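Shown here: final.txt, compact mmCIF, C-alpha atoms.
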# COMPACT_ATOMS: atom_id res chain seq x y z
CA MET D 272 -22.29 25.31 -21.73
CA ARG D 273 -21.06 22.33 -19.75
CA ARG D 274 -20.38 22.80 -16.08
CA PHE D 275 -18.17 20.73 -13.83
CA SER D 276 -20.34 17.69 -14.27
CA VAL D 277 -20.12 14.28 -15.80
CA PHE D 278 -23.75 13.18 -15.55
CA SER D 279 -24.55 10.69 -18.26
CA PRO D 280 -26.75 7.63 -18.64
CA LEU D 281 -23.82 5.49 -17.42
CA ALA D 282 -23.37 7.72 -14.37
CA ALA D 283 -27.13 7.59 -13.75
CA ALA D 284 -26.99 3.79 -13.80
CA ILE D 285 -24.04 3.76 -11.39
CA VAL D 286 -25.78 6.19 -9.03
CA THR D 287 -28.96 4.10 -9.11
CA ALA D 288 -27.04 0.88 -8.43
CA MET D 289 -25.13 2.53 -5.58
CA ALA D 290 -28.36 3.94 -4.10
CA ILE D 291 -29.95 0.48 -4.15
CA PHE D 292 -26.82 -0.98 -2.59
CA LEU D 293 -26.72 1.69 0.12
CA ILE D 294 -30.38 1.20 0.92
CA SER D 295 -30.02 -2.57 1.11
CA CYS D 296 -26.72 -2.64 3.04
CA GLY D 297 -26.70 0.77 4.61
CA SER D 298 -23.87 2.33 6.54
CA ASN D 299 -24.51 2.44 10.25
CA GLY D 300 -21.42 4.53 10.84
CA THR D 301 -20.83 8.20 11.06
CA ALA D 302 -19.06 9.96 8.20
CA THR D 303 -16.41 12.56 8.85
CA ASP D 304 -15.49 15.95 7.51
CA GLY D 305 -11.89 15.55 8.58
CA ALA D 306 -12.33 17.06 12.03
CA THR D 307 -13.11 13.76 13.74
CA THR D 308 -12.49 10.09 13.08
CA ALA D 309 -15.48 8.22 11.73
CA THR D 310 -16.59 4.70 12.47
CA VAL D 311 -17.92 2.73 9.53
CA THR D 312 -19.73 -0.43 10.48
CA SER D 313 -20.72 -1.50 6.98
CA PRO D 314 -19.42 -4.70 5.37
CA HIS D 315 -16.80 -2.56 3.63
CA GLN D 316 -14.80 -1.34 6.61
CA ILE D 317 -11.95 1.10 6.31
CA SER D 318 -9.60 2.28 9.05
CA GLY D 319 -9.88 5.70 10.65
CA ALA D 320 -6.46 6.70 9.28
CA ASP D 321 -7.52 5.75 5.75
CA GLN D 322 -10.76 7.69 6.19
CA GLN D 323 -8.83 10.79 7.23
CA GLN D 324 -6.52 10.42 4.24
CA ILE D 325 -9.45 10.08 1.82
CA VAL D 326 -11.13 13.19 3.23
CA ALA D 327 -7.89 15.20 3.20
CA ASP D 328 -7.01 14.11 -0.35
CA ALA D 329 -10.52 14.91 -1.64
CA ARG D 330 -10.27 18.43 -0.18
CA THR D 331 -6.83 18.83 -1.73
CA ASP D 332 -8.18 17.55 -5.07
CA LEU D 333 -10.95 20.17 -5.06
CA ASN D 334 -8.49 22.94 -4.18
CA GLU D 335 -6.17 21.82 -6.98
CA ILE D 336 -9.07 21.79 -9.46
CA ALA D 337 -9.96 25.32 -8.35
CA ALA D 338 -6.39 26.47 -9.05
CA VAL D 339 -6.23 25.11 -12.62
CA GLY D 340 -7.15 28.14 -14.74
CA GLN D 341 -5.91 27.71 -18.32
CA ASN D 342 -3.44 24.88 -17.73
CA PRO D 343 -5.16 21.49 -17.55
CA ALA D 344 -1.79 19.70 -17.17
CA THR D 345 -1.91 20.32 -13.42
CA LEU D 346 -5.11 18.28 -13.14
CA THR D 347 -3.22 14.99 -13.12
CA SER D 348 -2.36 15.49 -9.45
CA ALA D 349 -6.07 15.71 -8.49
CA LEU D 350 -7.98 13.72 -11.11
CA THR D 351 -7.70 10.39 -12.85
CA GLY D 352 -9.72 8.33 -15.32
CA LYS D 353 -13.03 9.68 -16.62
CA ALA D 354 -13.01 12.70 -14.29
CA LEU D 355 -9.65 13.79 -15.72
CA SER D 356 -10.62 13.33 -19.38
CA ASP D 357 -13.95 15.12 -18.87
CA MET D 358 -12.35 18.09 -17.11
CA GLU D 359 -9.64 18.37 -19.76
CA ALA D 360 -12.34 18.35 -22.47
CA GLU D 361 -14.30 21.07 -20.63
CA ILE D 362 -11.21 23.28 -20.33
CA ASP D 363 -10.26 22.70 -23.98
CA GLY D 364 -13.82 23.60 -25.04
CA ASN D 365 -13.78 26.79 -23.00
CA LEU D 366 -10.36 27.79 -24.37
CA ALA D 367 -11.63 27.19 -27.92
CA GLN D 368 -14.33 29.75 -27.07
CA GLY D 369 -11.65 32.20 -25.88
CA LYS D 370 -12.35 31.87 -22.17
CA TYR D 371 -11.48 29.82 -19.12
CA LYS D 372 -13.10 29.34 -15.75
CA LYS D 373 -11.54 30.99 -12.73
CA ARG D 374 -12.71 28.62 -10.02
CA ASP D 375 -13.26 29.77 -6.46
CA PHE D 376 -14.34 27.03 -4.04
CA GLN D 377 -14.86 27.97 -0.39
CA ASN D 378 -16.13 26.15 2.71
CA ILE D 379 -15.33 22.69 1.37
CA VAL D 380 -16.86 19.86 3.41
CA VAL D 381 -16.14 16.23 2.53
CA LYS D 382 -17.80 13.18 4.07
CA ILE D 383 -17.20 9.53 3.28
CA GLN D 384 -20.35 7.81 2.07
CA ASP D 385 -19.12 4.30 1.22
CA PHE D 386 -16.02 2.27 0.56
CA THR D 387 -15.85 -0.73 -1.70
CA ALA D 388 -12.19 -1.44 -2.49
CA PRO D 389 -10.63 0.13 -4.47
CA VAL D 390 -13.19 2.97 -4.66
CA ALA D 391 -14.21 5.41 -1.95
CA GLU D 392 -17.40 7.39 -2.47
CA VAL D 393 -17.53 10.80 -0.82
CA ALA D 394 -20.04 13.61 -0.63
CA ALA D 395 -18.43 16.99 -1.27
CA GLU D 396 -20.16 20.30 -0.62
CA PHE D 397 -18.76 23.75 -1.16
CA ASP D 398 -19.61 27.33 -2.07
CA ASP D 399 -18.67 28.00 -5.70
CA SER D 400 -18.05 31.62 -6.76
CA SER D 401 -16.43 30.70 -10.07
CA TYR D 402 -16.57 32.98 -13.11
CA TYR D 403 -15.22 33.09 -16.65
CA VAL D 404 -12.17 35.06 -17.75
CA ASP D 405 -11.20 36.16 -21.25
CA ALA D 406 -8.31 33.84 -22.20
CA ARG D 407 -6.51 36.53 -24.20
CA THR D 408 -6.87 39.61 -21.98
CA GLY D 409 -7.48 38.08 -18.55
CA ALA D 410 -10.55 40.32 -18.10
CA GLN D 411 -13.35 38.96 -15.94
CA LEU D 412 -16.46 38.02 -17.93
CA GLY D 413 -19.54 38.63 -15.80
CA GLN D 414 -19.99 38.70 -12.06
CA PRO D 415 -19.53 35.62 -9.86
CA ARG D 416 -22.62 34.31 -8.08
CA ALA D 417 -21.97 32.11 -5.09
CA GLN D 418 -23.71 28.78 -5.43
CA HIS D 419 -23.74 26.02 -2.87
CA ARG D 420 -22.87 22.82 -4.71
CA SER D 421 -22.85 19.20 -3.68
CA TYR D 422 -21.40 16.24 -5.54
CA ALA D 423 -20.98 12.52 -5.05
CA LEU D 424 -17.41 11.72 -6.04
CA ALA D 425 -15.60 8.43 -6.52
CA LEU D 426 -11.95 8.39 -5.50
CA GLN D 427 -9.31 5.80 -6.30
CA LYS D 428 -5.89 5.49 -4.76
CA GLU D 429 -2.87 5.99 -6.99
CA GLY D 430 0.35 5.44 -5.10
CA ASN D 431 -0.09 7.17 -1.75
CA ARG D 432 -2.75 9.59 -3.01
CA TRP D 433 -6.55 9.37 -3.47
CA LYS D 434 -7.70 11.09 -6.66
CA ILE D 435 -11.15 11.89 -8.00
CA SER D 436 -11.86 9.30 -10.69
CA MET D 437 -15.52 9.97 -11.38
CA ILE D 438 -18.17 12.51 -10.57
CA LEU D 439 -21.12 10.27 -9.81
CA SER D 440 -23.88 12.80 -9.30
CA PRO D 441 -23.85 16.54 -9.35
CA ASN D 442 -26.70 17.64 -7.13
CA ALA D 443 -26.51 21.15 -8.63
CA THR D 444 -27.21 24.14 -6.47
CA THR D 445 -29.18 24.38 -3.29
CA THR D 446 -28.68 28.12 -2.85
CA ASP D 447 -27.72 30.99 -5.11
CA ARG D 448 -26.46 34.20 -3.60
CA ALA D 449 -23.96 37.00 -4.14
CA PRO D 450 -20.50 36.14 -2.78
CA SER D 451 -19.69 37.40 0.69
CA ALA D 452 -17.14 40.15 1.15
CA SER D 453 -14.84 37.91 3.22
Full structure transcribed into structure tokens:
Amino acid sequence: MRRFSVFSPLAAAIVTAMAIFLISCGSNGTATDGATTATVTSPHQISGADQQQIVADARTDLNEIAAVGQNPATLTSALTGKALSDMEAEIDGNLAQGKYKKRDFQNIVVKIQDFTAPVAEVAAEFDDSSYYVDARTGAQLGQPRAQHRSYALALQKEGNRWKISMILSPNATTTDRAPSAS
């Protein structure tokens, strides 16, 4: 079963190239989770207002992905390019199996990693308590297990909005625990 990931040889090559670039150039600035304004002193500078917009839009994108359910048409407000086509294919595959994923993302933290116009790379971490639901009856299939996930995401601006265009590296889970009662 394919999770919310788009890791392929092409993505591996992109991640490797970006890692080499980051090591060679490095960012001497401080990333932000939206609570403060960051200063990026790399050769690819971006204003504080743009940084805040990227972080806010990435959080919104993740919340919109979590709200999708059975209707992938709503994804166009949060995703574009390869990320959109891959997510639509995942949803279609799940529906063909008679199920869909009820996504539940909590404690979303987004930090800007790099900016090379027109792409912003962000690190996104969140607790994922998603589970599958029977597409016909709406009955929950199995129990959710909270997993802490982290991803490197590429965002591109469309109009006045930054959308996730590629999932560069899913770093899988760092913890696995039962969801809290909150």
Q: Rounded to one decimal place, report the CA of Leu346 (chain D)-CA of Glu361 (chain D) distance in Å.
A: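 Calculated distance between CA of Leu346 (chain D) and CA of Glu361 (chain D) is 12.2 Å.
When all atoms listed in the file are used to measure the gap to Gln377 (chain D), the shortest distance among D:Ala349, D:Val404, D:Ile435, D:Ala395 belongs to D:Ala395.
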Q: Rank nothing, just name the residue among D:Leu412, D:Asp375, D:Gly319, D:Gly340 nearest to Met358 (chain D), using only C-alpha atoms.
A: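 The shortest atom-to-atom distance to Met358 (chain D) comes from D:Gly340.
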Q | Shortest interatomic distance to Gln427 (chain D) - which of D:Ala388, D:Leu439, D:Leu355, D:Ala337, counting all atoms listed in the file | A |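 Using all atoms listed in the file, Gln427 (chain D) sits closest to D:Ala388.
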Q: Identify which of the residues D:Val393, D:Thr345, D:Thr351, D:Ser401 lies closest to Lys373 (chain D), counting only C-alpha atoms when measuring atom-to-atom distances.
A: D:Ser401
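One finds CA of Ala329 (chain D) at 15.2 Å from CA of Gly352 (chain D).
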Q. Between CA of Asn378 (chain D) and CA of Asp398 (chain D), what is the spacing in Å?
A.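 Between CA of Asp398 (chain D) and CA of Asn378 (chain D) the gap is 6.0 Å.
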Q | Ref. answer, residues at most 9 Å from (-17.3, 15.6, -8.7) with only C-alpha atoms, as a list in words | A |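 Looking at atoms near the point gives Phe275, Ser276, Val277, Leu333, Ala354, Ala394, Ala395, Ser421, Tyr422, Ala423, Leu424, Ala425, Ile435, Ser436, Met437, Ile438, Leu439, Ser440 and Pro441 of chain D.
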Q | Contact residues around Asp332 (chain D) with all atoms listed in the file at 10 Å, ignoring same-chain residues under 5 positions, as a ChimeraX atom specification | A | /D:326-327,337-338,346-350,426,432-435
Because some atoms of region 324-350 of chain D are absent here, can you restore N, CA and C atoms and send them as a short mmCIF file (atom, residue, chain, number, x, y, z; two decimals), keeping the file's coordinate frame?
data_model
loop_
_atom_site.label_atom_id
_atom_site.label_comp_id
_atom_site.auth_asym_id
_atom_site.auth_seq_id
_atom_site.Cartn_x
_atom_site.Cartn_y
_atom_site.Cartn_z
N GLN D 324 -7.29 10.16 5.44
CA GLN D 324 -6.52 10.42 4.24
C GLN D 324 -7.44 10.68 3.04
N ILE D 325 -8.51 9.89 2.92
CA ILE D 325 -9.45 10.08 1.82
C ILE D 325 -10.07 11.47 1.88
N VAL D 326 -10.52 11.87 3.06
CA VAL D 326 -11.13 13.19 3.23
C VAL D 326 -10.13 14.30 2.91
N ALA D 327 -8.92 14.19 3.45
CA ALA D 327 -7.89 15.20 3.20
C ALA D 327 -7.53 15.27 1.72
N ASP D 328 -7.37 14.12 1.07
CA ASP D 328 -7.01 14.11 -0.35
C ASP D 328 -8.14 14.67 -1.21
N ALA D 329 -9.39 14.37 -0.87
CA ALA D 329 -10.52 14.91 -1.64
C ALA D 329 -10.57 16.43 -1.54
N ARG D 330 -10.32 16.96 -0.35
CA ARG D 330 -10.27 18.43 -0.18
C ARG D 330 -9.13 19.02 -1.01
N THR D 331 -7.98 18.37 -0.95
CA THR D 331 -6.83 18.83 -1.73
C THR D 331 -7.15 18.78 -3.22
N ASP D 332 -7.80 17.68 -3.66
CA ASP D 332 -8.18 17.55 -5.07
C ASP D 332 -9.05 18.73 -5.51
N LEU D 333 -10.06 19.07 -4.71
CA LEU D 333 -10.95 20.17 -5.06
C LEU D 333 -10.21 21.50 -5.10
N ASN D 334 -9.29 21.71 -4.17
CA ASN D 334 -8.49 22.94 -4.18
C ASN D 334 -7.58 22.99 -5.40
N GLU D 335 -7.03 21.86 -5.80
CA GLU D 335 -6.17 21.82 -6.98
C GLU D 335 -6.98 22.05 -8.26
N ILE D 336 -8.20 21.52 -8.32
CA ILE D 336 -9.07 21.79 -9.46
C ILE D 336 -9.38 23.28 -9.53
N ALA D 337 -9.64 23.88 -8.38
CA ALA D 337 -9.96 25.32 -8.35
C ALA D 337 -8.79 26.17 -8.84
N ALA D 338 -7.58 25.69 -8.68
CA ALA D 338 -6.39 26.47 -9.05
C ALA D 338 -5.97 26.29 -10.51
N VAL D 339 -6.68 25.48 -11.28
CA VAL D 339 -6.23 25.11 -12.62
C VAL D 339 -6.14 26.27 -13.60
N GLY D 340 -7.17 27.07 -13.75
CA GLY D 340 -7.15 28.14 -14.74
C GLY D 340 -7.07 27.61 -16.16
N GLN D 341 -6.06 28.08 -16.91
CA GLN D 341 -5.91 27.71 -18.32
C GLN D 341 -5.08 26.46 -18.54
N ASN D 342 -4.39 25.96 -17.53
CA ASN D 342 -3.44 24.88 -17.73
C ASN D 342 -3.97 23.55 -17.19
N PRO D 343 -4.60 22.75 -18.04
CA PRO D 343 -5.16 21.49 -17.55
C PRO D 343 -4.11 20.44 -17.17
N ALA D 344 -2.84 20.67 -17.49
CA ALA D 344 -1.79 19.70 -17.17
C ALA D 344 -1.68 19.46 -15.67
N THR D 345 -2.02 20.46 -14.87
CA THR D 345 -1.91 20.32 -13.42
C THR D 345 -3.01 19.43 -12.83
N LEU D 346 -4.01 19.11 -13.63
CA LEU D 346 -5.11 18.28 -13.14
C LEU D 346 -4.71 16.86 -12.79
N THR D 347 -3.61 16.38 -13.35
CA THR D 347 -3.22 14.99 -13.12
C THR D 347 -2.89 14.70 -11.66
N SER D 348 -2.63 15.72 -10.87
CA SER D 348 -2.36 15.49 -9.45
C SER D 348 -3.66 15.33 -8.65
N ALA D 349 -4.80 15.76 -9.22
CA ALA D 349 -6.07 15.71 -8.49
C ALA D 349 -7.09 14.77 -9.11
N LEU D 350 -6.97 14.51 -10.40
CA LEU D 350 -7.98 13.72 -11.11
C LEU D 350 -7.34 12.55 -11.83
#
